[in-house]
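Student: Coordinates in protein.pdb, PDB, C-alpha atoms, are listed below.
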ATOM      1  CA  MET A   1      15.847   6.231  19.310  1.00  0.00           C
ATOM      2  CA  ASN A   2      17.405   9.645  18.711  1.00  0.00           C
ATOM      3  CA  LYS A   3      15.998  11.255  15.595  1.00  0.00           C
ATOM      4  CA  GLN A   4      18.610  11.986  12.938  1.00  0.00           C
ATOM      5  CA  SER A   5      18.794  14.827  10.440  1.00  0.00           C
ATOM      6  CA  VAL A   6      18.888  13.873   6.758  1.00  0.00           C
ATOM      7  CA  SER A   7      22.449  13.195   5.591  1.00  0.00           C
ATOM      8  CA  CYS A   8      21.697  12.443   1.922  1.00  0.00           C
ATOM      9  CA  ALA A   9      19.020  11.727  -0.645  1.00  0.00           C
ATOM     10  CA  ILE A  10      18.992   8.466  -2.593  1.00  0.00           C
ATOM     11  CA  LEU A  11      17.105   8.652  -5.884  1.00  0.00           C
ATOM     12  CA  LEU A  12      16.070   5.482  -7.688  1.00  0.00           C
ATOM     13  CA  ALA A  13      16.971   6.030 -11.340  1.00  0.00           C
ATOM     14  CA  ALA A  14      17.802   2.495 -12.473  1.00  0.00           C
ATOM     15  CA  GLY A  15      14.530   1.232 -13.928  1.00  0.00           C
ATOM     16  CA  ARG A  16      13.823   0.268 -17.509  1.00  0.00           C
ATOM     17  CA  GLY A  17      10.549   2.216 -17.745  1.00  0.00           C
ATOM     18  CA  LYS A  18       8.814  -0.508 -19.751  1.00  0.00           C
ATOM     19  CA  ARG A  19       5.397   1.142 -19.561  1.00  0.00           C
ATOM     20  CA  LEU A  20       6.818   4.179 -21.369  1.00  0.00           C
ATOM     21  CA  SER A  21       8.438   2.217 -24.194  1.00  0.00           C
ATOM     22  CA  PRO A  22       9.355   3.112 -26.931  1.00  0.00           C
ATOM     23  CA  TYR A  23      10.220   6.509 -25.374  1.00  0.00           C
ATOM     24  CA  THR A  24      12.512   4.846 -22.830  1.00  0.00           C
ATOM     25  CA  ASP A  25      14.242   2.591 -25.351  1.00  0.00           C
ATOM     26  CA  ASN A  26      16.863   5.277 -25.968  1.00  0.00           C
ATOM     27  CA  ILE A  27      16.281   7.736 -23.109  1.00  0.00           C
ATOM     28  CA  PRO A  28      16.213   6.693 -19.435  1.00  0.00           C
ATOM     29  CA  LYS A  29      12.901   7.490 -17.762  1.00  0.00           C
ATOM     30  CA  PRO A  30      14.341  10.117 -15.357  1.00  0.00           C
ATOM     31  CA  LEU A  31      15.610  12.105 -18.353  1.00  0.00           C
ATOM     32  CA  LEU A  32      12.313  12.219 -20.259  1.00  0.00           C
ATOM     33  CA  ALA A  33      11.460  15.889 -20.667  1.00  0.00           C
ATOM     34  CA  TYR A  34       8.359  17.753 -19.505  1.00  0.00           C
ATOM     35  CA  ASN A  35       8.041  21.417 -20.467  1.00  0.00           C
ATOM     36  CA  GLY A  36      11.606  21.299 -21.724  1.00  0.00           C
ATOM     37  CA  LYS A  37      13.199  19.887 -18.558  1.00  0.00           C
ATOM     38  CA  PRO A  38      14.070  16.291 -17.605  1.00  0.00           C
ATOM     39  CA  THR A  39      11.983  14.860 -14.780  1.00  0.00           C
ATOM     40  CA  LEU A  40      15.181  14.494 -12.767  1.00  0.00           C
ATOM     41  CA  THR A  41      15.768  18.246 -12.909  1.00  0.00           C
ATOM     42  CA  TYR A  42      12.498  18.891 -11.088  1.00  0.00           C
ATOM     43  CA  LEU A  43      13.560  16.584  -8.260  1.00  0.00           C
ATOM     44  CA  LEU A  44      17.091  17.948  -7.953  1.00  0.00           C
ATOM     45  CA  ASP A  45      15.853  21.542  -8.001  1.00  0.00           C
ATOM     46  CA  SER A  46      13.431  20.719  -5.184  1.00  0.00           C
ATOM     47  CA  LEU A  47      16.156  18.958  -3.191  1.00  0.00           C
ATOM     48  CA  ARG A  48      18.410  22.000  -3.482  1.00  0.00           C
ATOM     49  CA  GLU A  49      15.507  24.152  -2.311  1.00  0.00           C
ATOM     50  CA  ALA A  50      15.328  21.850   0.734  1.00  0.00           C
ATOM     51  CA  ARG A  51      19.085  22.365   1.319  1.00  0.00           C
ATOM     52  CA  VAL A  52      19.907  18.737   0.559  1.00  0.00           C
ATOM     53  CA  ARG A  53      23.435  18.856  -0.824  1.00  0.00           C
ATOM     54  CA  ARG A  54      24.298  15.155  -1.142  1.00  0.00           C
ATOM     55  CA  VAL A  55      22.423  13.071  -3.697  1.00  0.00           C
ATOM     56  CA  ALA A  56      23.035   9.485  -4.783  1.00  0.00           C
ATOM     57  CA  LEU A  57      21.564   8.333  -8.088  1.00  0.00           C
ATOM     58  CA  VAL A  58      21.048   4.575  -8.401  1.00  0.00           C
ATOM     59  CA  THR A  59      21.613   3.756 -12.075  1.00  0.00           C
ATOM     60  CA  HIS A  60      21.309   0.782 -14.429  1.00  0.00           C
ATOM     61  CA  HIS A  61      19.351   1.274 -17.669  1.00  0.00           C
ATOM     62  CA  LEU A  62      21.225   3.659 -20.000  1.00  0.00           C
ATOM     63  CA  SER A  63      23.333   4.662 -17.028  1.00  0.00           C
ATOM     64  CA  ASP A  64      25.891   6.591 -19.103  1.00  0.00           C
ATOM     65  CA  GLN A  65      23.257   9.183 -19.978  1.00  0.00           C
ATOM     66  CA  ILE A  66      22.315   9.693 -16.336  1.00  0.00           C
ATOM     67  CA  ILE A  67      25.977   9.937 -15.307  1.00  0.00           C
ATOM     68  CA  ASP A  68      26.610  12.575 -17.996  1.00  0.00           C
ATOM     69  CA  TYR A  69      23.519  14.496 -16.906  1.00  0.00           C
ATOM     70  CA  ALA A  70      24.587  14.343 -13.237  1.00  0.00           C
ATOM     71  CA  CYS A  71      28.057  15.671 -14.067  1.00  0.00           C
ATOM     72  CA  THR A  72      26.584  18.613 -15.966  1.00  0.00           C
ATOM     73  CA  TYR A  73      24.032  19.419 -13.265  1.00  0.00           C
ATOM     74  CA  GLN A  74      26.656  19.228 -10.539  1.00  0.00           C
ATOM     75  CA  LYS A  75      28.963  21.638 -12.382  1.00  0.00           C
ATOM     76  CA  ASN A  76      26.208  24.244 -12.538  1.00  0.00           C
ATOM     77  CA  HIS A  77      24.791  23.899  -9.024  1.00  0.00           C
ATOM     78  CA  ASP A  78      25.939  23.681  -5.418  1.00  0.00           C
ATOM     79  CA  ILE A  79      25.325  19.966  -4.934  1.00  0.00           C
ATOM     80  CA  ASP A  80      27.324  16.718  -4.685  1.00  0.00           C
ATOM     81  CA  ILE A  81      25.996  13.871  -6.824  1.00  0.00           C
ATOM     82  CA  LEU A  82      27.316  10.310  -6.764  1.00  0.00           C
ATOM     83  CA  CYS A  83      26.053   7.679  -9.187  1.00  0.00           C
ATOM     84  CA  THR A  84      25.870   4.162  -7.749  1.00  0.00           C
ATOM     85  CA  PRO A  85      25.325   1.431 -10.355  1.00  0.00           C
ATOM     86  CA  GLN A  86      22.898  -1.381  -9.593  1.00  0.00           C
ATOM     87  CA  SER A  87      24.316  -4.474 -11.298  1.00  0.00           C
ATOM     88  CA  GLN A  88      20.895  -5.964 -11.981  1.00  0.00           C
ATOM     89  CA  LEU A  89      17.343  -4.795 -11.378  1.00  0.00           C
ATOM     90  CA  GLY A  90      16.186  -6.518  -8.210  1.00  0.00           C
ATOM     91  CA  GLY A  91      13.684  -4.133  -6.621  1.00  0.00           C
ATOM     92  CA  THR A  92      13.805  -1.060  -4.427  1.00  0.00           C
ATOM     93  CA  ALA A  93      15.339  -2.810  -1.399  1.00  0.00           C
ATOM     94  CA  ASP A  94      18.091  -4.168  -3.622  1.00  0.00           C
ATOM     95  CA  ALA A  95      18.649  -0.681  -5.077  1.00  0.00           C
ATOM     96  CA  LEU A  96      18.929   0.927  -1.640  1.00  0.00           C
ATOM     97  CA  GLU A  97      21.246  -1.815  -0.411  1.00  0.00           C
ATOM     98  CA  SER A  98      23.419  -1.465  -3.513  1.00  0.00           C
ATOM     99  CA  ALA A  99      23.700   2.296  -3.009  1.00  0.00           C
ATOM    100  CA  ALA A 100      24.513   1.967   0.691  1.00  0.00           C
ATOM    101  CA  ASN A 101      27.354  -0.430  -0.110  1.00  0.00           C
ATOM    102  CA  GLN A 102      28.955   2.171  -2.398  1.00  0.00           C
ATOM    103  CA  LEU A 103      28.442   5.437  -0.526  1.00  0.00           C
ATOM    104  CA  PRO A 104      30.896   7.037   1.921  1.00  0.00           C
ATOM    105  CA  GLU A 105      30.087   6.374   5.570  1.00  0.00           C
ATOM    106  CA  ASP A 106      29.347  10.014   6.345  1.00  0.00           C
ATOM    107  CA  TRP A 107      26.631  10.041   3.678  1.00  0.00           C
ATOM    108  CA  LEU A 108      24.850   7.346   5.707  1.00  0.00           C
ATOM    109  CA  SER A 109      25.413   8.866   9.136  1.00  0.00           C
ATOM    110  CA  GLY A 110      21.928  10.373   9.409  1.00  0.00           C
ATOM    111  CA  SER A 111      18.457   9.731   8.100  1.00  0.00           C
ATOM    112  CA  LEU A 112      18.034   8.965   4.401  1.00  0.00           C
ATOM    113  CA  LEU A 113      15.631  10.610   1.991  1.00  0.00           C
ATOM    114  CA  LEU A 114      14.617   7.892  -0.481  1.00  0.00           C
ATOM    115  CA  SER A 115      12.608   8.729  -3.582  1.00  0.00           C
ATOM    116  CA  ALA A 116      11.619   7.487  -7.002  1.00  0.00           C
ATOM    117  CA  THR A 117      12.609   9.705  -9.933  1.00  0.00           C
ATOM    118  CA  ASP A 118       9.485   9.563 -12.091  1.00  0.00           C
ATOM    119  CA  TYR A 119       7.570  12.261 -10.184  1.00  0.00           C
ATOM    120  CA  LEU A 120       7.013  15.754 -11.543  1.00  0.00           C
ATOM    121  CA  VAL A 121       7.357  17.742  -8.339  1.00  0.00           C
ATOM    122  CA  SER A 122       7.238  21.428  -7.518  1.00  0.00           C
ATOM    123  CA  LYS A 123      10.180  23.199  -5.902  1.00  0.00           C
ATOM    124  CA  CYS A 124       8.390  23.143  -2.551  1.00  0.00           C
ATOM    125  CA  PHE A 125       7.775  19.359  -2.582  1.00  0.00           C
ATOM    126  CA  PHE A 126      10.904  18.289  -0.683  1.00  0.00           C
ATOM    127  CA  PRO A 127      11.161  21.413   1.512  1.00  0.00           C
ATOM    128  CA  ASN A 128       7.606  20.826   2.728  1.00  0.00           C
ATOM    129  CA  PHE A 129       8.279  17.132   3.285  1.00  0.00           C
ATOM    130  CA  LEU A 130      11.480  17.675   5.264  1.00  0.00           C
ATOM    131  CA  ASP A 131       9.915  20.479   7.310  1.00  0.00           C
ATOM    132  CA  PHE A 132       7.130  18.041   8.171  1.00  0.00           C
ATOM    133  CA  HIS A 133       9.634  15.369   9.167  1.00  0.00           C
ATOM    134  CA  ALA A 134      11.362  17.817  11.497  1.00  0.00           C
ATOM    135  CA  SER A 135       8.037  18.733  13.117  1.00  0.00           C
ATOM    136  CA  HIS A 136       7.246  15.341  14.692  1.00  0.00           C
ATOM    137  CA  ALA A 137       8.994  12.725  16.808  1.00  0.00           C
ATOM    138  CA  GLN A 138       8.723   9.635  14.605  1.00  0.00           C
ATOM    139  CA  ALA A 139      11.765   8.204  12.804  1.00  0.00           C
ATOM    140  CA  VAL A 140       9.913   7.551   9.526  1.00  0.00           C
ATOM    141  CA  SER A 141       7.985  10.014   7.366  1.00  0.00           C
ATOM    142  CA  ILE A 142       5.980   8.998   4.309  1.00  0.00           C
ATOM    143  CA  SER A 143       4.780  11.249   1.490  1.00  0.00           C
ATOM    144  CA  LEU A 144       1.124  10.495   0.720  1.00  0.00           C
ATOM    145  CA  LYS A 145      -1.256  11.252  -2.095  1.00  0.00           C
ATOM    146  CA  GLN A 146      -5.040  10.907  -2.216  1.00  0.00           C
ATOM    147  CA  VAL A 147      -6.156   8.836  -5.184  1.00  0.00           C
ATOM    148  CA  GLY A 148      -9.127   6.953  -6.588  1.00  0.00           C
ATOM    149  CA  ASP A 149     -10.025   3.319  -5.995  1.00  0.00           C
ATOM    150  CA  GLU A 150      -8.026   2.089  -8.999  1.00  0.00           C
ATOM    151  CA  GLN A 151      -4.789   3.596  -7.692  1.00  0.00           C
ATOM    152  CA  THR A 152      -5.299   2.290  -4.138  1.00  0.00           C
ATOM    153  CA  MET A 153      -5.200  -1.207  -5.637  1.00  0.00           C
ATOM    154  CA  ARG A 154      -1.493  -0.532  -6.292  1.00  0.00           C
ATOM    155  CA  SER A 155      -0.647   0.678  -2.795  1.00  0.00           C
ATOM    156  CA  SER A 156      -2.313   1.977   0.351  1.00  0.00           C
ATOM    157  CA  VAL A 157      -1.468   2.748   3.972  1.00  0.00           C
ATOM    158  CA  GLN A 158      -3.020   1.600   7.228  1.00  0.00           C
ATOM    159  CA  ILE A 159      -3.629   4.581   9.517  1.00  0.00           C
ATOM    160  CA  ASP A 160      -4.683   4.282  13.158  1.00  0.00           C
ATOM    161  CA  ALA A 161      -7.161   6.488  15.020  1.00  0.00           C
ATOM    162  CA  CYS A 162      -4.386   8.876  16.081  1.00  0.00           C
ATOM    163  CA  GLY A 163      -3.184   9.428  12.509  1.00  0.00           C
ATOM    164  CA  TYR A 164      -0.082   7.236  12.707  1.00  0.00           C
ATOM    165  CA  ILE A 165       0.827   4.962   9.794  1.00  0.00           C
ATOM    166  CA  LYS A 166       1.107   1.360  10.928  1.00  0.00           C
ATOM    167  CA  GLU A 167       1.778  -0.327   7.575  1.00  0.00           C
ATOM    168  CA  VAL A 168       2.366   0.278   3.885  1.00  0.00           C
ATOM    169  CA  VAL A 169       0.058  -2.161   2.082  1.00  0.00           C
ATOM    170  CA  GLU A 170       1.220  -3.158  -1.388  1.00  0.00           C
ATOM    171  CA  LYS A 171      -1.360  -4.249  -3.972  1.00  0.00           C
ATOM    172  CA  PRO A 172      -4.365  -4.788  -1.662  1.00  0.00           C
ATOM    173  CA  PRO A 173      -7.178  -6.914  -3.175  1.00  0.00           C
ATOM    174  CA  PRO A 174     -10.001  -4.898  -4.788  1.00  0.00           C
ATOM    175  CA  GLY A 175     -12.147  -3.194  -2.169  1.00  0.00           C
ATOM    176  CA  SER A 176      -9.790  -3.972   0.718  1.00  0.00           C
ATOM    177  CA  ALA A 177      -7.521  -0.899   0.748  1.00  0.00           C
ATOM    178  CA  PRO A 178      -7.257   0.256   4.381  1.00  0.00           C
ATOM    179  CA  SER A 179      -7.469   3.961   3.462  1.00  0.00           C
ATOM    180  CA  GLU A 180      -7.979   6.343   0.562  1.00  0.00           C
ATOM    181  CA  TYR A 181      -4.313   7.298   0.669  1.00  0.00           C
ATOM    182  CA  THR A 182      -1.367   5.739  -1.085  1.00  0.00           C
ATOM    183  CA  ALA A 183       2.311   6.156  -0.325  1.00  0.00           C
ATOM    184  CA  ASN A 184       4.499   7.948  -2.817  1.00  0.00           C
ATOM    185  CA  LEU A 185       7.818   6.182  -3.138  1.00  0.00           C
ATOM    186  CA  THR A 186       9.222   9.048  -1.082  1.00  0.00           C
ATOM    187  CA  TYR A 187      10.333   8.380   2.491  1.00  0.00           C
ATOM    188  CA  VAL A 188      12.574   9.717   5.213  1.00  0.00           C
ATOM    189  CA  LEU A 189      14.107   6.619   6.802  1.00  0.00           C
ATOM    190  CA  PRO A 190      16.519   6.178   9.703  1.00  0.00           C
ATOM    191  CA  SER A 191      19.899   4.698   8.841  1.00  0.00           C
ATOM    192  CA  GLU A 192      18.904   1.637  10.902  1.00  0.00           C
ATOM    193  CA  ILE A 193      16.674   0.604   7.996  1.00  0.00           C
ATOM    194  CA  LEU A 194      19.820  -0.549   6.183  1.00  0.00           C
ATOM    195  CA  THR A 195      20.279  -3.391   8.681  1.00  0.00           C
ATOM    196  CA  LEU A 196      16.831  -4.739   7.758  1.00  0.00           C
ATOM    197  CA  LEU A 197      17.383  -4.929   4.001  1.00  0.00           C
ATOM    198  CA  GLU A 198      19.270  -8.218   4.009  1.00  0.00           C
ATOM    199  CA  GLY A 199      16.216 -10.017   5.397  1.00  0.00           C
ATOM    200  CA  VAL A 200      13.851  -8.785   2.673  1.00  0.00           C
ATOM    201  CA  GLU A 201      12.625 -11.696   0.560  1.00  0.00           C
ATOM    202  CA  ALA A 202      11.723 -11.479  -3.101  1.00  0.00           C
ATOM    203  CA  SER A 203       8.111 -10.745  -3.994  1.00  0.00           C
ATOM    204  CA  PRO A 204       6.133 -12.930  -6.447  1.00  0.00           C
ATOM    205  CA  ARG A 205       7.528 -10.616  -9.161  1.00  0.00           C
ATOM    206  CA  GLY A 206      11.035 -11.607  -8.104  1.00  0.00           C
ATOM    207  CA  GLU A 207      11.882  -8.198  -6.634  1.00  0.00           C
ATOM    208  CA  ARG A 208      12.958  -7.233  -3.103  1.00  0.00           C
ATOM    209  CA  GLU A 209      10.863  -4.248  -2.070  1.00  0.00           C
ATOM    210  CA  VAL A 210      11.886  -1.645   0.499  1.00  0.00           C
ATOM    211  CA  GLN A 211       8.343  -1.507   1.886  1.00  0.00           C
ATOM    212  CA  SER A 212       8.979  -4.902   3.522  1.00  0.00           C
ATOM    213  CA  ALA A 213      11.880  -3.469   5.523  1.00  0.00           C
ATOM    214  CA  ILE A 214       9.875  -0.347   6.356  1.00  0.00           C
ATOM    215  CA  ASN A 215       6.943  -2.394   7.662  1.00  0.00           C
ATOM    216  CA  ARG A 216       9.272  -4.485   9.791  1.00  0.00           C
ATOM    217  CA  PHE A 217      10.728  -1.299  11.268  1.00  0.00           C
ATOM    218  CA  LEU A 218       7.242   0.099  11.958  1.00  0.00           C
ATOM    219  CA  ARG A 219       6.232  -3.084  13.781  1.00  0.00           C
ATOM    220  CA  THR A 220       9.261  -3.076  16.059  1.00  0.00           C
ATOM    221  CA  GLN A 221      10.243   0.587  16.439  1.00  0.00           C
ATOM    222  CA  GLY A 222       6.970   2.480  16.191  1.00  0.00           C
ATOM    223  CA  PRO A 223       4.689   3.917  13.506  1.00  0.00           C
ATOM    224  CA  ALA A 224       5.346   6.536  10.860  1.00  0.00           C
ATOM    225  CA  ARG A 225       3.847   9.908  10.161  1.00  0.00           C
ATOM    226  CA  GLY A 226       2.495  10.773   6.733  1.00  0.00           C
ATOM    227  CA  LEU A 227       2.202  14.081   4.916  1.00  0.00           C
ATOM    228  CA  LEU A 228      -0.548  14.452   2.329  1.00  0.00           C
ATOM    229  CA  GLN A 229       1.056  16.293  -0.573  1.00  0.00           C
ATOM    230  CA  PRO A 230      -0.330  17.476  -3.909  1.00  0.00           C
ATOM    231  CA  THR A 231      -0.775  14.564  -6.275  1.00  0.00           C
ATOM    232  CA  PRO A 232       2.102  14.635  -8.810  1.00  0.00           C
ATOM    233  CA  ALA A 233       1.010  15.990 -12.181  1.00  0.00           C
ATOM    234  CA  GLU A 234       1.438  12.685 -13.988  1.00  0.00           C
ATOM    235  CA  TRP A 235      -1.198  11.085 -11.701  1.00  0.00           C
ATOM    236  CA  GLN A 236      -3.849  13.651 -12.628  1.00  0.00           C
ATOM    237  CA  PRO A 237      -6.675  12.286 -14.843  1.00  0.00           C
ATOM    238  CA  ASN A 238      -6.166  14.864 -17.614  1.00  0.00           C
ATOM    239  CA  PHE A 239      -2.368  14.848 -17.606  1.00  0.00           C
ATOM    240  CA  SER A 240      -0.722  15.219 -21.000  1.00  0.00           C
ATOM    241  CA  VAL A 241       2.914  15.644 -21.988  1.00  0.00           C
ATOM    242  CA  ALA A 242       1.877  17.939 -24.812  1.00  0.00           C
TER     243      ALA A 242
END
Reformat the file's structure so that it appears as structure tokens.
Tutor:
Amino acid sequence: MNKQSVSCAILLAAGRGKRLSPYTDNIPKPLLAYNGKPTLTYLLDSLREARVRRVALVTHHLSDQIIDYACTYQKNHDIDILCTPQSQLGGTADALESAANQLPEDWLSGSLLLSATDYLVSKCFFPNFLDFHASHAQAVSISLKQVGDEQTMRSSVQIDACGYIKEVVEKPPPGSAPSEYTANLTYVLPSEILTLLEGVEASPRGEREVQSAINRFLRTQGPARGLLQPTPAEWQPNFSVA
């Protein structure tokens, strides 16, 4: 498979943010402010630093606010932003599939940078990640963080002796995480991943998760490479919004 350059970023900004209620009752989670700036600003600033100029925002909860924010940001910066509504919340695979069905073909002509929008990232986060992706031969790159045992119960990755990622393991039973690393919801994925989304079945929570499609790709097309990046501020034990 010929490795593709990144043609756009797809940011998942549709969620309700229930764990942050009541703050997210009237403000969508990506627009919650930290040090005077919405979380989404940190991500977009880092994407611009990485020379990513096409960004799709998947929206649902309080979507009008995100659309207004995107219009303002786009006017003030050299970047193209398209908002793609997700009709109902059905998981990350559903969100990616919904976005792909609404984006112009040339936005999907290369690899896709997929990311959640609730990370407080530095300006060098995406530049470092995309430089790493360009440095190796694998089609998939995964942003990793090193966390404690409690966090690895949410997600972990299986890494072979050569340092390749063979699987993203969601919610491993206590004590069974295959490594001390967990995957950020930040990936570079080949456009071929879109053909695998239709076959993703709903999880016990009723959501279709993109990790299922990624794992299927890794089994058939070869493993991923992972970059250990600084743990986002909100994952630090002493993090405070004050």
Student: Of the candidates A:Ile27, A:Val140, A:Ala56, A:Leu43, which shows the shortest atom-to-atom distance to Ala100 in chain A, using only C-alpha atoms?
Tutor: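 Using only C-alpha atoms, the shortest distance to Ala100 in chain A belongs to A:Ala56.
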Student: Of the candidates A:Leu40, A:Leu120, A:Leu47, A:Ala93, which one gets nearest to Ser203 in chain A if we count all atoms listed in the file?
Tutor: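 Checking each of A:Leu40, A:Leu120, A:Leu47, A:Ala93 against Ser203 in chain A, counting all atoms listed in the file, the winner is A:Ala93.
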Student: Could you tell me which of A:Leu31, A:Ala50, A:Val147, A:Ala134 comes closest to Leu62 in chain A if we count all atoms listed in the file?
Tutor: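 Closest candidate: A:Leu31.
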Student: Please produce, as JSON lines, a per-residue contact table for range 111-205 of chain A versus range 209-215 of chain A (criterion: any atom at most 9 Å away, all atoms listed in the file considered), showing the nearest atom pair and its distance in Å to one decimal, sorted by chain then residue number.
Tutor:
{"residue": "A:Val140", "atom": "CA", "partner": "A:Ile214", "partner_atom": "CA", "distance": 8.5}
{"residue": "A:Lys166", "atom": "CA", "partner": "A:Asn215", "partner_atom": "CA", "distance": 7.7}
{"residue": "A:Glu167", "atom": "CA", "partner": "A:Asn215", "partner_atom": "CA", "distance": 5.6}
{"residue": "A:Val168", "atom": "CA", "partner": "A:Asn215", "partner_atom": "CA", "distance": 6.5}
{"residue": "A:Val169", "atom": "CA", "partner": "A:Gln211", "partner_atom": "CA", "distance": 8.3}
{"residue": "A:Glu170", "atom": "CA", "partner": "A:Gln211", "partner_atom": "CA", "distance": 8.0}
{"residue": "A:Leu189", "atom": "CA", "partner": "A:Ile214", "partner_atom": "CA", "distance": 8.2}
{"residue": "A:Ile193", "atom": "CA", "partner": "A:Ala213", "partner_atom": "CA", "distance": 6.8}
{"residue": "A:Leu194", "atom": "CA", "partner": "A:Ala213", "partner_atom": "CA", "distance": 8.5}
{"residue": "A:Thr195", "atom": "CA", "partner": "A:Ala213", "partner_atom": "CA", "distance": 9.0}
{"residue": "A:Leu196", "atom": "CA", "partner": "A:Ala213", "partner_atom": "CA", "distance": 5.6}
{"residue": "A:Leu197", "atom": "CA", "partner": "A:Ala213", "partner_atom": "CA", "distance": 5.9}
{"residue": "A:Glu198", "atom": "CA", "partner": "A:Ala213", "partner_atom": "CA", "distance": 8.9}
{"residue": "A:Gly199", "atom": "CA", "partner": "A:Ala213", "partner_atom": "CA", "distance": 7.9}
{"residue": "A:Val200", "atom": "CA", "partner": "A:Ser212", "partner_atom": "CA", "distance": 6.3}
{"residue": "A:Glu201", "atom": "CA", "partner": "A:Glu209", "partner_atom": "CA", "distance": 8.1}
{"residue": "A:Ala202", "atom": "CA", "partner": "A:Glu209", "partner_atom": "CA", "distance": 7.4}
{"residue": "A:Ser203", "atom": "CA", "partner": "A:Glu209", "partner_atom": "CA", "distance": 7.3}
Student: Can you tell me how far CA of Gln88 in chain A sits from CA of Ala14 in chain A, in Å to one decimal?
Tutor: 9.0 Å
Student: Around all the atoms of range 81-89 of chain A listed in the file, with 3 Å of room on each side, what axis-aligned box do you get, giving centre and edge lengths in Å to one decimal, as lines of an AutoDock Vina configuration file?
Tutor:
center_x = 22.3
center_y = 4.0
center_z = -9.4
size_x = 16.0
size_y = 25.8
size_z = 11.2
Student: Residues within 9 Å of Asp118 in chain A, please, as a PyMOL selection string. Count only C-alpha atoms; anything in the same chain fewer than 2 positions from it doesn't count.
Tutor: chain A and resi 12-13+29-30+39-40+43+116+120+234
Student: Hey, can you spit out that residue selection with C-alpha atoms as a PDB file, keeping the file's coordinate frame?
Tutor:
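Wrote it out as again.pdb, contents follow:
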ATOM      1  CA  LEU A  12      16.070   5.482  -7.688  1.00  0.00           C
ATOM      2  CA  ALA A  13      16.971   6.030 -11.340  1.00  0.00           C
ATOM      3  CA  LYS A  29      12.901   7.490 -17.762  1.00  0.00           C
ATOM      4  CA  PRO A  30      14.341  10.117 -15.357  1.00  0.00           C
ATOM      5  CA  THR A  39      11.983  14.860 -14.780  1.00  0.00           C
ATOM      6  CA  LEU A  40      15.181  14.494 -12.767  1.00  0.00           C
ATOM      7  CA  LEU A  43      13.560  16.584  -8.260  1.00  0.00           C
ATOM      8  CA  ALA A 116      11.619   7.487  -7.002  1.00  0.00           C
ATOM      9  CA  LEU A 120       7.013  15.754 -11.543  1.00  0.00           C
ATOM     10  CA  GLU A 234       1.438  12.685 -13.988  1.00  0.00           C
TER      11      GLU A 234
END
Student: Using all atoms listed in the file, which residues sit within 8 Å of range 105-111 of chain A once same-chain residues fewer than 3 positions away are excluded, as a list of chain:residue names?
Tutor: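 Here the qualifying residues turn out to be A:Gln4, A:Ser5, A:Val6, A:Ser7, A:Cys8, A:Arg54, A:Ala100, A:Val188, A:Leu189, A:Pro190, A:Ser191.
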Student: I would like the residues chosen by the PyMOL selection byres ((chain A and resi 90) around 7) on the shown file; could you give them as a VMD selection string?
Tutor: chain A and resid 88 to 89 91 94 207 to 208
Student: Would you work out the distance separating CA of Ser115 in chain A from CA of Thr92 in chain A, expressed in Å to one decimal?
Tutor: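 So the two atoms, CA of Ser115 in chain A and CA of Thr92 in chain A, lie 9.9 Å apart.
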Student: Which distance in Å separates CA of Cys124 in chain A and CA of Cys83 in chain A, to one decimal?
Tutor: 24.4 Å
Student: Taking (-3.0, 7.9, 13.0) in the coordinates of the supplied file, I want to know which residues reach to within 12 Å of it, counting all atoms listed in the file; could you give the answer as a compact mmCIF listing (two decimals) with C-alpha atoms, in the frame of the given file?
Tutor:
# COMPACT_ATOMS: atom_id res chain seq x y z
CA GLN A 138 8.72 9.64 14.60
CA VAL A 157 -1.47 2.75 3.97
CA GLN A 158 -3.02 1.60 7.23
CA ILE A 159 -3.63 4.58 9.52
CA ASP A 160 -4.68 4.28 13.16
CA ALA A 161 -7.16 6.49 15.02
CA CYS A 162 -4.39 8.88 16.08
CA GLY A 163 -3.18 9.43 12.51
CA TYR A 164 -0.08 7.24 12.71
CA ILE A 165 0.83 4.96 9.79
CA LYS A 166 1.11 1.36 10.93
CA GLU A 167 1.78 -0.33 7.58
CA SER A 179 -7.47 3.96 3.46
CA GLY A 222 6.97 2.48 16.19
CA PRO A 223 4.69 3.92 13.51
CA ALA A 224 5.35 6.54 10.86
CA ARG A 225 3.85 9.91 10.16
CA GLY A 226 2.50 10.77 6.73
CA LEU A 227 2.20 14.08 4.92
Student: Find the residues with any atom within 12 Å of (27.9, 19.5, -4.9); use only C-alpha atoms and the coordinates as given in the file, and write the answer as a PyMOL selection string.
Tutor: chain A and resi 8+44+47-48+51-56+70-82
Student: Which one of A:Arg205, A:Lys145, A:Lys18, A:His60 sits closest to Tyr181 in chain A if you count only C-alpha atoms?
Tutor: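 Between A:Arg205, A:Lys145, A:Lys18, A:His60, the residue approaching Tyr181 in chain A most closely is A:Lys145.
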Student: Could you tell me which residues the PyMOL selection byres ((chain A and resi 180) around 8) grabs in this file, written as a ChimeraX atom specification?
Tutor: /A:146-149,152,156,177-179,181-182
Student: Please identify all polymer residues within 9 Å of Thr59 in chain A, counting only C-alpha atoms, omitting same-chain residues fewer than 2 positions from it, and present them as a list in words.
Tutor: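 Skipping anything fewer than 2 positions along the chain leaves Leu12, Ala13, Ala14, Gly15, Leu57, His61, Leu62, Ser63, Asp64, Ile66, Ile67, Cys83, Thr84, Pro85, Gln86, Ser87 and Ala95 of chain A.
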Student: Decode the PyMOL selection byres ((chain A and resi 142) around 6) for the given file into explicit residues and return them as a compact mmCIF listing (two decimals) with C-alpha atoms, in the coordinates of the input.
Tutor:
# COMPACT_ATOMS: atom_id res chain seq x y z
CA SER A 141 7.98 10.01 7.37
CA SER A 143 4.78 11.25 1.49
CA TYR A 187 10.33 8.38 2.49
CA GLY A 226 2.50 10.77 6.73
Student: Out of A:Ala183, A:Leu103, A:Leu96, A:Ala137, which residue has the shortest atom-to-atom distance to Leu11 in chain A when counting all atoms listed in the file?
Tutor: A:Leu96
